[in-house]
Every structure is written in structure tokens, then in C-alpha cells.
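The data block below is model28.tsv; it holds TSV, C-alpha atoms.
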```
chain	number	residue	atom	x	y	z
Z	37	MET	CA	109.32	88.35	83.02
Z	38	SER	CA	109.49	91.21	80.52
Z	39	PHE	CA	109.79	94.72	81.89
Z	40	LEU	CA	107.64	96.03	79.01
Z	41	ALA	CA	103.87	95.85	78.93
Z	42	GLY	CA	102.36	93.22	76.66
Z	43	ALA	CA	100.62	95.82	74.48
Z	44	VAL	CA	103.95	97.50	73.68
Z	45	THR	CA	105.59	94.23	72.69
Z	46	ARG	CA	102.73	93.56	70.24
Z	47	VAL	CA	103.03	96.93	68.50
Z	48	LYS	CA	105.05	97.19	65.28
Z	49	PRO	CA	107.13	100.22	64.27
Z	50	SER	CA	105.40	102.52	61.80
Z	51	ALA	CA	106.39	101.25	58.34
Z	52	THR	CA	106.17	104.74	56.86
Z	53	MET	CA	108.53	106.11	59.50
Z	54	VAL	CA	110.94	103.19	59.00
Z	55	ALA	CA	111.00	103.69	55.23
Z	56	THR	CA	111.45	107.43	55.58
Z	57	GLN	CA	114.32	107.04	58.02
Z	58	ARG	CA	116.08	104.47	55.85
Z	59	ALA	CA	115.83	106.83	52.88
Z	60	ARG	CA	117.13	109.68	55.04
Z	61	ASP	CA	120.09	107.59	56.22
Z	62	LEU	CA	121.01	106.60	52.66
Z	63	LYS	CA	120.75	110.21	51.49
Z	64	ASN	CA	122.99	111.34	54.36
Z	65	SER	CA	125.54	108.74	53.27
Z	66	GLY	CA	125.75	110.38	49.85
Z	67	ARG	CA	123.24	108.32	47.83
Z	68	ASP	CA	120.93	109.98	45.30
Z	69	ILE	CA	117.59	109.14	46.93
Z	70	ILE	CA	114.05	110.16	46.03
Z	71	SER	CA	111.76	109.56	49.00
Z	72	LEU	CA	108.06	109.13	48.23
Z	73	SER	CA	107.32	107.37	51.49
Z	74	VAL	CA	105.85	110.11	53.68
Z	75	GLY	CA	102.39	111.68	53.39
Z	76	GLU	CA	103.29	115.33	53.74
Z	77	PRO	CA	102.28	118.15	51.36
Z	78	ASP	CA	105.31	119.81	49.79
Z	79	PHE	CA	103.48	123.16	49.84
Z	80	ASP	CA	104.24	125.76	52.49
Z	81	THR	CA	101.62	126.80	55.03
Z	82	PRO	CA	99.66	129.73	53.52
Z	83	ASP	CA	100.96	133.14	54.61
Z	84	HIS	CA	97.76	134.36	56.28
Z	85	ILE	CA	97.89	131.34	58.61
Z	86	LYS	CA	101.53	131.98	59.50
Z	87	GLU	CA	100.77	135.65	60.15
Z	88	ALA	CA	97.99	134.66	62.56
Z	89	ALA	CA	100.53	132.62	64.54
Z	90	ILE	CA	102.95	135.55	64.64
Z	91	GLU	CA	100.21	137.87	65.85
Z	92	ALA	CA	99.24	135.36	68.54
Z	93	ILE	CA	102.82	135.36	69.81
Z	94	ARG	CA	102.87	139.15	69.86
Z	95	ARG	CA	99.61	139.19	71.85
Z	96	GLY	CA	101.15	136.87	74.40
Z	97	GLU	CA	98.99	133.83	73.59
Z	98	THR	CA	101.63	131.60	75.13
Z	99	LYS	CA	99.97	130.27	78.29
Z	100	TYR	CA	98.38	126.88	78.99
Z	101	PRO	CA	95.30	126.42	76.78
Z	102	PRO	CA	91.99	124.86	77.85
Z	103	VAL	CA	92.31	121.09	77.53
Z	104	LEU	CA	89.52	120.85	74.94
Z	105	GLY	CA	90.95	123.72	72.88
Z	106	ILE	CA	90.59	127.50	72.82
Z	107	VAL	CA	86.99	128.67	72.44
Z	108	PRO	CA	87.52	130.55	69.13
Z	109	LEU	CA	88.94	127.41	67.53
Z	110	ARG	CA	86.16	125.18	68.81
Z	111	GLU	CA	83.63	127.68	67.48
Z	112	ALA	CA	85.46	127.72	64.13
Z	113	ILE	CA	85.37	123.91	64.03
Z	114	ALA	CA	81.62	123.84	64.68
Z	115	ALA	CA	81.13	126.49	61.98
Z	116	LYS	CA	83.26	124.50	59.54
Z	117	PHE	CA	81.20	121.35	60.09
Z	118	LYS	CA	77.99	123.31	59.47
Z	119	ARG	CA	79.30	125.21	56.46
Z	120	GLU	CA	81.05	122.38	54.66
Z	121	ASN	CA	79.33	119.21	55.89
Z	122	ASN	CA	75.86	120.31	56.99
Z	123	LEU	CA	76.50	118.93	60.48
Z	124	ASP	CA	74.98	120.66	63.51
Z	125	TYR	CA	77.65	120.23	66.18
Z	126	LYS	CA	77.84	122.66	69.07
Z	127	ALA	CA	81.24	124.07	69.98
Z	128	SER	CA	80.95	122.14	73.26
Z	129	GLN	CA	80.84	118.90	71.22
Z	130	THR	CA	84.26	119.54	69.68
Z	131	ILE	CA	87.79	118.75	70.83
Z	132	VAL	CA	91.23	119.85	69.65
Z	133	GLY	CA	94.22	117.51	69.82
Z	134	THR	CA	97.92	117.50	69.03
Z	135	GLY	CA	97.16	116.07	65.63
Z	136	GLY	CA	94.36	113.74	64.67
Z	137	LYS	CA	96.55	110.85	65.80
Z	138	GLN	CA	96.17	111.79	69.48
Z	139	ILE	CA	92.39	111.94	69.18
Z	140	LEU	CA	92.27	108.54	67.48
Z	141	PHE	CA	94.54	107.04	70.12
Z	142	ASN	CA	92.55	108.43	73.04
Z	143	THR	CA	89.23	107.47	71.48
Z	144	PHE	CA	90.19	103.81	71.53
Z	145	LEU	CA	91.72	104.19	75.00
Z	146	ALA	CA	88.49	105.75	76.27
Z	147	THR	CA	86.11	103.19	74.78
Z	148	CYS	CA	87.78	99.79	74.36
Z	149	ASP	CA	87.88	97.18	77.08
Z	150	GLU	CA	89.91	94.02	76.58
Z	151	GLY	CA	88.55	92.07	73.63
Z	152	ASP	CA	86.35	94.84	72.24
Z	153	GLU	CA	86.51	94.85	68.47
Z	154	VAL	CA	87.23	97.60	65.95
Z	155	ILE	CA	86.42	96.90	62.30
Z	156	ILE	CA	89.16	98.26	60.03
Z	157	PRO	CA	88.92	97.87	56.24
Z	158	ALA	CA	92.22	96.96	54.60
Z	159	PRO	CA	94.32	98.50	53.20
Z	160	TYR	CA	94.48	100.80	56.21
Z	161	TRP	CA	96.69	103.52	57.61
Z	162	VAL	CA	99.51	101.74	59.42
Z	163	SER	CA	98.75	103.16	62.89
Z	164	TYR	CA	95.08	102.13	63.17
Z	165	PRO	CA	95.49	98.50	64.31
Z	166	ASP	CA	98.33	99.26	66.71
Z	167	MET	CA	96.34	102.00	68.39
Z	168	VAL	CA	93.54	99.51	69.00
Z	169	ILE	CA	96.01	96.94	70.34
Z	170	ILE	CA	97.53	99.44	72.78
Z	171	ALA	CA	94.01	100.10	74.07
Z	172	ASN	CA	93.58	96.33	74.64
Z	173	GLY	CA	91.05	96.14	71.82
Z	174	LYS	CA	91.02	93.69	68.93
Z	175	PRO	CA	91.45	94.95	65.35
Z	176	VAL	CA	89.11	93.11	62.99
Z	177	ILE	CA	90.65	93.50	59.55
Z	178	VAL	CA	88.26	93.25	56.59
Z	179	PRO	CA	90.05	92.96	53.22
Z	180	THR	CA	88.78	94.95	50.26
Z	181	LYS	CA	89.34	94.31	46.55
Z	182	LEU	CA	91.07	96.35	43.89
Z	183	GLU	CA	88.24	95.61	41.45
Z	184	LYS	CA	85.81	97.09	44.00
Z	185	GLY	CA	87.90	100.23	44.35
Z	186	PHE	CA	89.43	99.14	47.70
Z	187	LYS	CA	86.12	99.93	49.42
Z	188	LEU	CA	84.26	98.07	52.13
Z	189	GLU	CA	81.16	96.25	50.87
Z	190	PRO	CA	77.96	96.27	52.97
Z	191	GLU	CA	77.74	92.48	53.16
Z	192	ASP	CA	81.37	92.27	54.35
Z	193	LEU	CA	80.64	94.86	57.02
Z	194	GLN	CA	77.65	92.89	58.27
Z	195	ARG	CA	79.68	89.66	58.42
Z	196	ALA	CA	82.37	91.40	60.49
Z	197	ILE	CA	79.99	92.74	63.16
Z	198	THR	CA	79.74	90.75	66.40
Z	199	PRO	CA	78.32	91.54	69.85
Z	200	ARG	CA	81.84	92.74	70.81
Z	201	THR	CA	82.10	95.29	67.97
Z	202	LYS	CA	82.64	98.81	69.33
Z	203	TRP	CA	83.70	100.77	66.24
Z	204	LEU	CA	83.75	100.82	62.47
Z	205	LEU	CA	86.72	102.93	61.36
Z	206	LEU	CA	86.34	104.58	57.94
Z	207	ASN	CA	88.98	106.68	56.21
Z	208	SER	CA	87.78	108.44	53.05
Z	209	PRO	CA	89.68	109.47	51.00
Z	210	SER	CA	91.98	106.70	52.10
Z	211	ASN	CA	95.56	106.46	53.15
Z	212	PRO	CA	97.08	104.39	51.48
Z	213	THR	CA	94.86	103.81	48.43
Z	214	GLY	CA	93.31	107.22	47.76
Z	215	ALA	CA	89.93	105.48	47.47
Z	216	ALA	CA	86.93	107.61	48.46
Z	217	TYR	CA	83.34	106.60	49.14
Z	218	THR	CA	80.53	108.20	47.18
Z	219	ARG	CA	77.39	109.29	48.99
Z	220	ASP	CA	75.57	106.17	47.77
Z	221	GLU	CA	78.39	103.89	48.88
Z	222	LEU	CA	78.37	105.47	52.34
Z	223	LYS	CA	74.58	105.16	52.51
Z	224	ALA	CA	74.83	101.43	51.83
Z	225	LEU	CA	77.19	101.10	54.82
Z	226	THR	CA	75.16	103.34	57.13
Z	227	ASP	CA	72.03	101.32	56.27
Z	228	VAL	CA	73.82	98.29	57.73
Z	229	LEU	CA	74.65	100.22	60.89
Z	230	MET	CA	71.05	101.36	61.28
Z	231	ARG	CA	69.78	97.77	61.47
Z	232	PRO	CA	68.39	97.06	64.97
Z	233	GLN	CA	70.95	94.33	65.69
Z	234	ASN	CA	73.81	96.74	64.92
Z	235	ARG	CA	72.80	99.69	67.09
Z	236	HIS	CA	75.75	99.02	69.42
Z	237	VAL	CA	78.31	99.85	66.69
Z	238	TRP	CA	79.82	103.35	66.62
Z	239	VAL	CA	81.55	104.98	63.64
Z	240	LEU	CA	84.88	106.77	63.64
Z	241	THR	CA	85.20	108.61	60.34
Z	242	ASP	CA	88.67	109.92	59.55
Z	243	ASP	CA	88.09	112.76	57.07
Z	244	ILE	CA	91.61	114.21	57.09
Z	245	TYR	CA	91.83	114.21	53.25
Z	246	GLU	CA	88.37	115.75	52.79
Z	247	HIS	CA	89.48	118.62	50.57
Z	248	LEU	CA	91.75	116.52	48.36
Z	249	THR	CA	89.34	114.88	45.91
Z	250	TYR	CA	89.59	115.10	42.14
Z	251	GLY	CA	87.50	115.44	39.01
Z	252	ASP	CA	83.77	115.47	39.66
Z	253	PHE	CA	84.00	113.49	42.92
Z	254	LYS	CA	81.97	115.06	45.74
Z	255	PHE	CA	83.04	114.37	49.30
Z	256	SER	CA	80.47	113.17	51.85
Z	257	THR	CA	80.83	112.22	55.48
Z	258	VAL	CA	78.92	109.65	57.50
Z	259	CYS	CA	76.51	111.84	59.51
Z	260	GLU	CA	75.80	114.00	56.50
Z	261	VAL	CA	74.54	110.86	54.75
Z	262	GLU	CA	72.78	109.39	57.80
Z	263	PRO	CA	71.96	112.05	60.45
Z	264	ASN	CA	70.53	109.37	62.75
Z	265	LEU	CA	74.10	108.22	63.41
Z	266	MET	CA	75.08	111.54	65.05
Z	267	ASP	CA	74.73	110.09	68.54
Z	268	ARG	CA	77.26	107.32	67.83
Z	269	THR	CA	79.78	108.88	65.45
Z	270	LEU	CA	83.05	110.69	66.01
Z	271	THR	CA	83.88	112.89	63.01
Z	272	LEU	CA	87.64	113.46	62.83
Z	273	ASN	CA	89.57	115.99	60.78
Z	274	GLY	CA	92.65	118.16	61.06
Z	275	MET	CA	94.87	120.88	59.67
Z	276	SER	CA	97.77	118.78	58.34
Z	277	LYS	CA	96.84	117.85	54.79
Z	278	SER	CA	94.46	120.51	53.45
Z	279	TYR	CA	96.33	123.43	55.02
Z	280	ALA	CA	99.92	122.12	54.73
Z	281	MET	CA	100.24	122.30	58.53
Z	282	THR	CA	101.75	118.91	59.37
Z	283	GLY	CA	104.26	120.31	61.83
Z	284	TRP	CA	101.73	122.51	63.61
Z	285	ARG	CA	100.15	119.34	65.11
Z	286	ILE	CA	96.47	120.28	65.25
Z	287	GLY	CA	93.69	117.76	64.79
Z	288	TYR	CA	90.08	118.08	65.79
Z	289	ALA	CA	86.89	116.07	66.12
Z	290	ALA	CA	83.24	116.39	67.04
Z	291	GLY	CA	80.89	113.86	68.60
Z	292	PRO	CA	78.41	113.11	71.36
Z	293	ASP	CA	78.85	114.95	74.66
Z	294	SER	CA	79.64	111.79	76.62
Z	295	LEU	CA	82.53	110.85	74.34
Z	296	ILE	CA	83.95	114.38	74.24
Z	297	LYS	CA	83.91	114.46	78.06
Z	298	ALA	CA	85.83	111.17	78.17
Z	299	LEU	CA	88.39	112.51	75.72
Z	300	ASP	CA	88.67	115.68	77.80
Z	301	LEU	CA	89.53	113.53	80.81
Z	302	LEU	CA	92.27	111.64	78.98
Z	303	HIS	CA	93.69	114.73	77.27
Z	304	GLY	CA	93.86	116.46	80.65
Z	305	GLN	CA	96.10	113.76	82.07
Z	306	GLN	CA	98.11	113.38	78.88
Z	307	THR	CA	98.97	116.74	77.28
Z	308	SER	CA	96.94	119.52	78.93
Z	309	GLY	CA	95.96	120.86	75.51
Z	310	ALA	CA	97.51	121.56	72.12
Z	311	CYS	CA	99.94	124.40	71.36
Z	312	THR	CA	98.15	127.75	71.75
Z	313	ILE	CA	100.01	129.41	68.88
Z	314	ALA	CA	99.11	126.58	66.48
Z	315	GLN	CA	95.50	126.80	67.66
Z	316	TRP	CA	95.27	130.51	66.85
Z	317	ALA	CA	96.77	129.81	63.43
Z	318	SER	CA	94.12	127.13	62.94
Z	319	VAL	CA	91.34	129.63	63.73
Z	320	GLN	CA	92.54	131.71	60.82
Z	321	ALA	CA	92.94	128.63	58.63
Z	322	LEU	CA	89.30	127.59	59.14
Z	323	ASN	CA	87.73	131.07	59.18
Z	324	GLY	CA	89.99	132.83	56.70
Z	325	PRO	CA	90.51	132.66	52.92
Z	326	GLN	CA	90.38	129.20	51.36
Z	327	ASP	CA	91.97	130.29	48.08
Z	328	HIS	CA	94.81	127.79	48.39
Z	329	LEU	CA	92.52	124.74	48.34
Z	330	PRO	CA	91.79	124.68	44.59
Z	331	ILE	CA	95.48	125.39	43.93
Z	332	PHE	CA	96.49	122.39	46.04
Z	333	ARG	CA	93.83	120.19	44.45
Z	334	ASP	CA	94.77	121.13	40.90
Z	335	ALA	CA	98.46	120.45	41.51
Z	336	PHE	CA	97.82	117.12	43.22
Z	337	GLU	CA	95.40	116.00	40.51
Z	338	LYS	CA	97.98	116.69	37.79
Z	339	ARG	CA	100.60	114.79	39.77
Z	340	ARG	CA	98.20	111.89	40.29
Z	341	ASP	CA	97.53	111.64	36.57
Z	342	LEU	CA	101.25	111.78	35.78
Z	343	VAL	CA	102.18	109.08	38.29
Z	344	VAL	CA	99.33	106.74	37.33
Z	345	SER	CA	100.20	107.07	33.64
Z	346	MET	CA	103.92	106.46	34.11
Z	347	LEU	CA	103.46	103.55	36.52
Z	348	ASN	CA	101.06	101.83	34.15
Z	349	GLN	CA	103.82	102.01	31.55
Z	350	ALA	CA	106.15	100.13	33.91
Z	351	LYS	CA	106.56	96.39	33.39
Z	352	TYR	CA	104.69	94.19	35.92
Z	353	ILE	CA	102.83	97.16	37.49
Z	354	LYS	CA	99.10	97.89	37.55
Z	355	CYS	CA	98.07	101.21	39.08
Z	356	PRO	CA	94.41	102.15	39.66
Z	357	VAL	CA	93.28	105.78	39.57
Z	358	PRO	CA	92.45	107.03	43.09
Z	359	GLU	CA	89.64	109.49	43.80
Z	360	GLY	CA	91.48	111.49	46.44
Z	361	ALA	CA	94.31	112.03	48.95
Z	362	PHE	CA	97.83	112.08	47.48
Z	363	TYR	CA	98.70	108.40	47.24
Z	364	VAL	CA	98.63	105.69	44.63
Z	365	TYR	CA	98.62	102.01	45.56
Z	366	PRO	CA	99.91	100.04	42.56
Z	367	ASP	CA	99.77	96.26	42.34
Z	368	CYS	CA	103.17	94.59	41.86
Z	369	SER	CA	102.02	90.95	42.00
Z	370	GLU	CA	103.36	90.23	38.50
Z	371	ALA	CA	106.86	91.10	39.72
Z	372	LEU	CA	106.82	88.41	42.40
Z	373	GLY	CA	108.97	85.44	41.51
Z	374	LYS	CA	111.27	87.58	39.35
Z	375	LYS	CA	114.90	88.25	40.16
Z	376	THR	CA	117.01	91.39	40.16
Z	377	GLN	CA	120.07	91.64	37.93
Z	378	ASP	CA	122.28	90.54	40.83
Z	379	GLY	CA	120.12	87.47	41.45
Z	380	LYS	CA	117.97	88.57	44.38
Z	381	LEU	CA	114.52	86.97	44.42
Z	382	ILE	CA	111.46	89.25	44.60
Z	383	ALA	CA	109.23	87.05	46.78
Z	384	THR	CA	107.17	89.75	48.52
Z	385	ASP	CA	106.20	93.38	48.09
Z	386	GLU	CA	108.70	94.18	50.84
Z	387	ASP	CA	111.43	92.60	48.69
Z	388	PHE	CA	110.22	94.71	45.79
Z	389	ILE	CA	110.49	98.03	47.59
Z	390	SER	CA	113.78	97.11	49.31
Z	391	ASN	CA	115.47	96.26	46.03
Z	392	LEU	CA	113.94	99.29	44.33
Z	393	LEU	CA	115.58	101.47	46.98
Z	394	ASP	CA	118.92	99.68	46.79
Z	395	GLN	CA	119.07	99.59	43.00
Z	396	GLU	CA	117.40	102.83	41.91
Z	397	GLY	CA	117.24	104.98	45.03
Z	398	VAL	CA	113.45	105.33	45.21
Z	399	ALA	CA	111.88	105.00	48.66
Z	400	VAL	CA	108.25	103.83	48.85
Z	401	VAL	CA	106.30	101.74	51.41
Z	402	HIS	CA	105.33	98.09	50.92
Z	403	GLY	CA	101.62	97.32	50.82
Z	404	SER	CA	101.68	94.51	53.37
Z	405	ALA	CA	102.46	97.18	55.99
Z	406	PHE	CA	98.99	98.56	55.26
Z	407	GLY	CA	97.41	95.16	55.70
Z	408	GLN	CA	97.09	94.15	52.07
Z	409	GLY	CA	99.52	93.36	49.28
Z	410	PRO	CA	101.35	92.72	47.08
Z	411	ASN	CA	101.24	96.45	46.46
Z	412	PHE	CA	103.27	99.50	47.35
Z	413	ARG	CA	102.31	103.03	48.31
Z	414	ILE	CA	103.66	106.12	46.63
Z	415	SER	CA	103.02	109.59	48.00
Z	416	TYR	CA	102.82	112.05	45.12
Z	417	ALA	CA	103.04	115.02	47.49
Z	418	ALA	CA	106.33	115.92	45.83
Z	419	LYS	CA	107.61	118.15	43.04
Z	420	THR	CA	106.63	117.09	39.52
Z	421	GLU	CA	110.28	116.75	38.49
Z	422	GLN	CA	110.93	114.37	41.38
Z	423	LEU	CA	107.88	112.29	40.51
Z	424	GLU	CA	108.90	112.01	36.87
Z	425	ASP	CA	112.42	110.98	37.86
Z	426	ALA	CA	111.13	108.45	40.41
Z	427	CYS	CA	108.69	106.89	37.94
Z	428	ARG	CA	111.42	106.59	35.29
Z	429	ARG	CA	113.59	104.82	37.88
Z	430	ILE	CA	110.71	102.46	38.73
Z	431	GLN	CA	110.25	101.73	35.02
Z	432	LYS	CA	113.98	101.00	34.74
Z	433	PHE	CA	113.88	98.75	37.82
Z	434	THR	CA	110.91	96.65	36.66
Z	435	ALA	CA	112.37	96.36	33.14
Z	436	SER	CA	115.53	94.90	34.67
Z	437	LEU	CA	113.75	92.08	36.47
Z	438	VAL	CA	114.17	88.61	34.98
```
Written as C-alpha cells, how would this file's structure read?
Amino acid sequence: MSFLAGAVTRVKPSATMVATQRARDLKNSGRDIISLSVGEPDFDTPDHIKEAAIEAIRRGETKYPPVLGIVPLREAIAAKFKRENNLDYKASQTIVGTGGKQILFNTFLATCDEGDEVIIPAPYWVSYPDMVIIANGKPVIVPTKLEKGFKLEPEDLQRAITPRTKWLLLNSPSNPTGAAYTRDELKALTDVLMRPQNRHVWVLTDDIYEHLTYGDFKFSTVCEVEPNLMDRTLTLNGMSKSYAMTGWRIGYAAGPDSLIKALDLLHGQQTSGACTIAQWASVQALNGPQDHLPIFRDAFEKRRDLVVSMLNQAKYIKCPVPEGAFYVYPDCSEALGKKTQDGKLIATDEDFISNLLDQEGVAVVHGSAFGQGPNFRISYAAKTEQLEDACRRIQKFTASLV
């Protein structure tokens, strides 16, 4: 009999963390490594946010916080949803977590009984299915197609729904593909959910990359498109990506009172609330100047265009243009069956990225870890010089395959 619980034995290590650690180990051993495996903005947290944290320390804001979050932050979250998304959430319908990841995890823990199903379009962020598994739920993976922009189609959603479906999980813009749903595309999905036979399905919309969309693309969220879904939607967001606050560990969400109360119960037994200093910094982030957002967007858009262009010049690679986030998800299927110069067969996308790292020192993540390949994910949240160097190395690697 195993000492470990069954759910733990079914969970896989995070592929992004594994790739990042391998790159770190090789770099520490003296190798020249460019790591594009982690989704973390290379920008520093804006100064006015850091100053708010310093002031909070000086005021002595260092005691246990309320489990749901400090009142000024919950009020700022409700105001943000109204101002930016036209959503009428009360502060009492919001919750603050130690990153969006905790809120996602506890949402499944609070709502999934054994066998309950969560629909997850693929490619997906690596942690989604494992969170569901830990909660004794069943991930229902629905593949999407490159030619459809890696987006869930309404008819595929309807086919995936069963009487056991609890949640549809949407992430737009997406990690790993950068794909983002237009208002019309979201409306087509919400129309499916509004059908009488589907009224038992809730929506968890992960909007963490909301402010990172490019060109003329306009972000929309589920309840903005279909207000009648407010009573069965959890709208998730956080400080990490748009405010370069990954290490501050603040995520937040808003939803129906009953769900927020359940999350309050779990949070209370789990963490007793997120860091007070980071919460006060987040108040300033949401309420204060937003001048950095267009600067971030402009830089990321230029990097996206650079990476897409250079990858599409690489042999055997096809790279679509994403609408948002800071990832590209190129197809490497034409490289499968080729061999490296030292005779190693490229049979899978995992072989591709492993040999790319060994031969050229570029760390990326294989697409099968995100539920759909043969692809690989590159994070272009890195300096332009690094991206140019990495793409030249990828070009050199693919040109060497025989």
C-alpha cells in the first residue's frame, strides 16, 4: 500500500518548472543558456507600487489580514471590474489569494466531487488538469485546431457537456498559445451555455493576460458578453502579468456569494490570507497610474512580431501570430522524423526541445505538456537581444537536422 494519496501519484510535475530548472542547472554548470521557458515579465514592478508597499511597512501593516483580503483591495477589485469590464460585483463578492493559482485550486476543491467534470480546451496551462485531478474531478480535454486559432468551437463545447459537467475553464488570452477570443467568439460559446440543458455548467474565466493584447484586438470577458451568466461564473485575474508582480503573489476573483463563502472557508484553513504588504501594493496598482500598461504592451508586441518573423524563417517551423499574452506556440511537426547531427532521432516535440537545449542552449517547453503537440512554447517576456540570439540558435538547430 502506497503511503501517498492516489491524487498525488496521478499528478505530473509542472513542465514549465522542470524546463526552467534544467536550464538553470545547465547555466550554473557554465553553459551559455537562454531560457525562454518561464512566463514572467522581465520588467520591474512600477515604482509607485513598490513605494506603496514601503509605506505599508512603515505604517505597520504587518499583521494577519482578513482571509478574504483587506477591504481597500476588495473595493479596488470591484471598482476595477466596473471600470474596465462593466461588471457590477460588490466588494463582498471578491476574494484575494496568494496568486491566481490558489484561487483556481480552491475553486475546484470547493466544487468538485469525485467524477465531476471540468471542460478544458487544449492547449492549456499545464496546471489546470492536475488541479482538477487533485480535487477528485475529471478533466475533459477538448482539442482545438491551429487553423481555428487554437480556440474552442461552440459545437465542440456542446459535445463535451454531460450531466456531470461542473465547469468550463476559459483562458483568454491563452497560456500557451496567446490566442484570445473576440466578443463574437465568446458570445457563440455563452449561447451554448445559456441553453436550458446546459444551465448546470459554470464558467471559470482566467483573465490574467487581459491587458496584454495587441493591434486592434479588444479584450472581452464572459459576463461582459453575457450578463445572465453572472450567477454561475467566477472571473479570475491577478497582479502578476500586467503589473510585473509575479513574486508578490496576489491573485483575485469575483463571483456569486455562495462560491466566495466556500472559498473563504477553504482559504481560512489553508493560508489565513495573502501577504498584507503585497495587498497594499496591489491597492495602489489597481487604483493608481496605469501609465506602464501601454509601455508593456508596445514592447511585448514588438517582441512578438520579431519572434514570429524569425521563427517562420526557421526550417521545419510554422509559427502563428498570437493575439495576446507573451507566448508563441510554433508547430514543429515537419521536424519529426529528422535526426540531429550526432544521429539522435527527433520523434516527438519533447525530443525537439531536449536536443535544442543540448545543442544550442535554448530552453523552451514542449507542446505535449500543454495537452497538444507537436509544438513548443516560447515566452517572449525577455530582452530583445536575447530573443534575437535564441531565434538565430533555433534557426541554426533546425537547419542542422537531416
### Message
Give me, as a list in words, all polymer residues having an atom no more than 7 Å from Z:Val400, counting only C-alpha atoms and skipping those fewer than 5 positions away in the same chain.
### Response
Ala55, Ser71, Leu72, Ser73, Ile389, Phe412, Arg413 and Ile414 of chain Z
Report as a tab-separated table: every residue of stretch 226-291 of chain Z with an atom at most 12 Å from stretch 157-165 of chain Z, its closest pair of atoms, and their distance in Å to one decimal, counting all atoms listed in the file, with rows sorted by chain and ascending residue number.
```
residue	atom	partner	partner_atom	distance
Z:Leu240	CA	Z:Tyr164	CA	11.2
Z:Asp242	CA	Z:Trp161	CA	10.4
Z:Ile244	CA	Z:Trp161	CA	11.8
```
- Task: Tell me which protein, DNA and RNA residues are within 12 Å of Z:Ala92, counting only C-alpha atoms, leaving out same-chain ones fewer than 6 positions away, and put them as JSON, numbers by chain.
- Result: {"Z": [85, 86, 98, 99, 311, 312, 313, 314, 315, 316, 317, 318, 319, 320]}
Any chance you could export the current selection's C-alpha atoms as a PDB file, in the coordinates of the input?
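Below you can see result.pdb, which holds the result:
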```
ATOM      1  CA  ILE Z  85      97.890 131.340  58.610  1.00  0.00           C
ATOM      2  CA  LYS Z  86     101.530 131.980  59.500  1.00  0.00           C
ATOM      3  CA  THR Z  98     101.630 131.600  75.130  1.00  0.00           C
ATOM      4  CA  LYS Z  99      99.970 130.270  78.290  1.00  0.00           C
ATOM      5  CA  CYS Z 311      99.940 124.400  71.360  1.00  0.00           C
ATOM      6  CA  THR Z 312      98.150 127.750  71.750  1.00  0.00           C
ATOM      7  CA  ILE Z 313     100.010 129.410  68.880  1.00  0.00           C
ATOM      8  CA  ALA Z 314      99.110 126.580  66.480  1.00  0.00           C
ATOM      9  CA  GLN Z 315      95.500 126.800  67.660  1.00  0.00           C
ATOM     10  CA  TRP Z 316      95.270 130.510  66.850  1.00  0.00           C
ATOM     11  CA  ALA Z 317      96.770 129.810  63.430  1.00  0.00           C
ATOM     12  CA  SER Z 318      94.120 127.130  62.940  1.00  0.00           C
ATOM     13  CA  VAL Z 319      91.340 129.630  63.730  1.00  0.00           C
ATOM     14  CA  GLN Z 320      92.540 131.710  60.820  1.00  0.00           C
TER      15      GLN Z 320
END
```
### Task
Find, counting all atoms listed in the file, the residue in Z:Ile353, Z:Val258, Z:Leu381, Z:Met346 that gets nearest to Z:Ala426.
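Closest to Z:Ala426 of all the choices is Z:Met346.
Atom pair atom CA of Z:Tyr363 / atom CA of Z:Met167: separated by 22.2 Å.
Distances to Z:Gln233 were evaluated for Z:Leu140, Z:Val261, Z:Ile197, Z:Val438 using only C-alpha atoms, and the minimum falls at Z:Ile197.
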Margin query: Applying 8 Å and all atoms listed in the file, which residues near Z:Arg200 remain after dropping the ones on its own chain fewer than 4 positions away? List them as a ChimeraX atom specification.
Written below: /Z:151-153
Between atom CA of Z:Ala59 and atom CA of Z:Ala399, measure the distance and give it in Å to one decimal.
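Between these atoms lies a distance of 6.1 Å.
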Selected residue, from Z:Leu229, Z:Tyr125, Z:Val398, Z:Ala171, that lies nearest to Z:Asp293 when counting only C-alpha atoms:
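Using only C-alpha atoms, the shortest distance to Z:Asp293 belongs to Z:Tyr125.
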From the list Z:Ile70, Z:Ile139, Z:Ile113, Z:Ala290, the nearest residue to Z:Gln306 using all atoms listed in the file is Z:Ile139
Produce a table with one row for each residue of stretch 167-285 of chain Z that has an atom at most 8 Å from any atom of stretch 321-333 of chain Z, each row naming the nearest atom pair and its distance in Å at one decimal; use all atoms listed in the file; arrange rows by chain and rising residue number; format as JSON lines.
```
{"residue": "Z:His247", "atom": "CA", "partner": "Z:Leu329", "partner_atom": "CA", "distance": 7.2}
{"residue": "Z:Leu248", "atom": "CA", "partner": "Z:Arg333", "partner_atom": "CA", "distance": 5.8}
{"residue": "Z:Thr249", "atom": "CA", "partner": "Z:Arg333", "partner_atom": "CA", "distance": 7.1}
{"residue": "Z:Tyr250", "atom": "CA", "partner": "Z:Arg333", "partner_atom": "CA", "distance": 7.0}
{"residue": "Z:Ser278", "atom": "CA", "partner": "Z:Leu329", "partner_atom": "CA", "distance": 6.9}
{"residue": "Z:Tyr279", "atom": "CA", "partner": "Z:Ala321", "partner_atom": "CA", "distance": 7.2}
```
Atom pair atom CA of Z:Lys202 + atom CA of Z:Phe406, distance 21.6 Å
Contacts of Z:Gly309 at 12 Å (all atoms listed in the file; same-chain gap of 4+ positions) as a PyMOL selection string
chain Z and resi 99-106+131-135+138-139+285-288+299-305+313-315
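Residue nearest Z:Leu270 within the list Z:Ser415, Z:Leu342, Z:Thr143, Z:Ser369: Z:Thr143 [criterion: smallest interatomic distance, only C-alpha atoms].
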Would you pick out the contacts of Z:Thr180 at 9 Å or less, using all atoms listed in the file, so that residues sharing its chain but fewer than 5 positions from it are not included, and give the list as a ChimeraX atom specification? /Z:157-159,185-189,192,408
Please determine an axis-aligned box that encloses all atoms of stretch 285-300 of chain Z listed in the file, with 8 Å added on each side, and express its centre and edge lengths in Å to one decimal as lines of an AutoDock Vina configuration file.
```
center_x = 89.3
center_y = 115.6
center_z = 71.5
size_x = 37.7
size_y = 25.4
size_z = 29.4
```
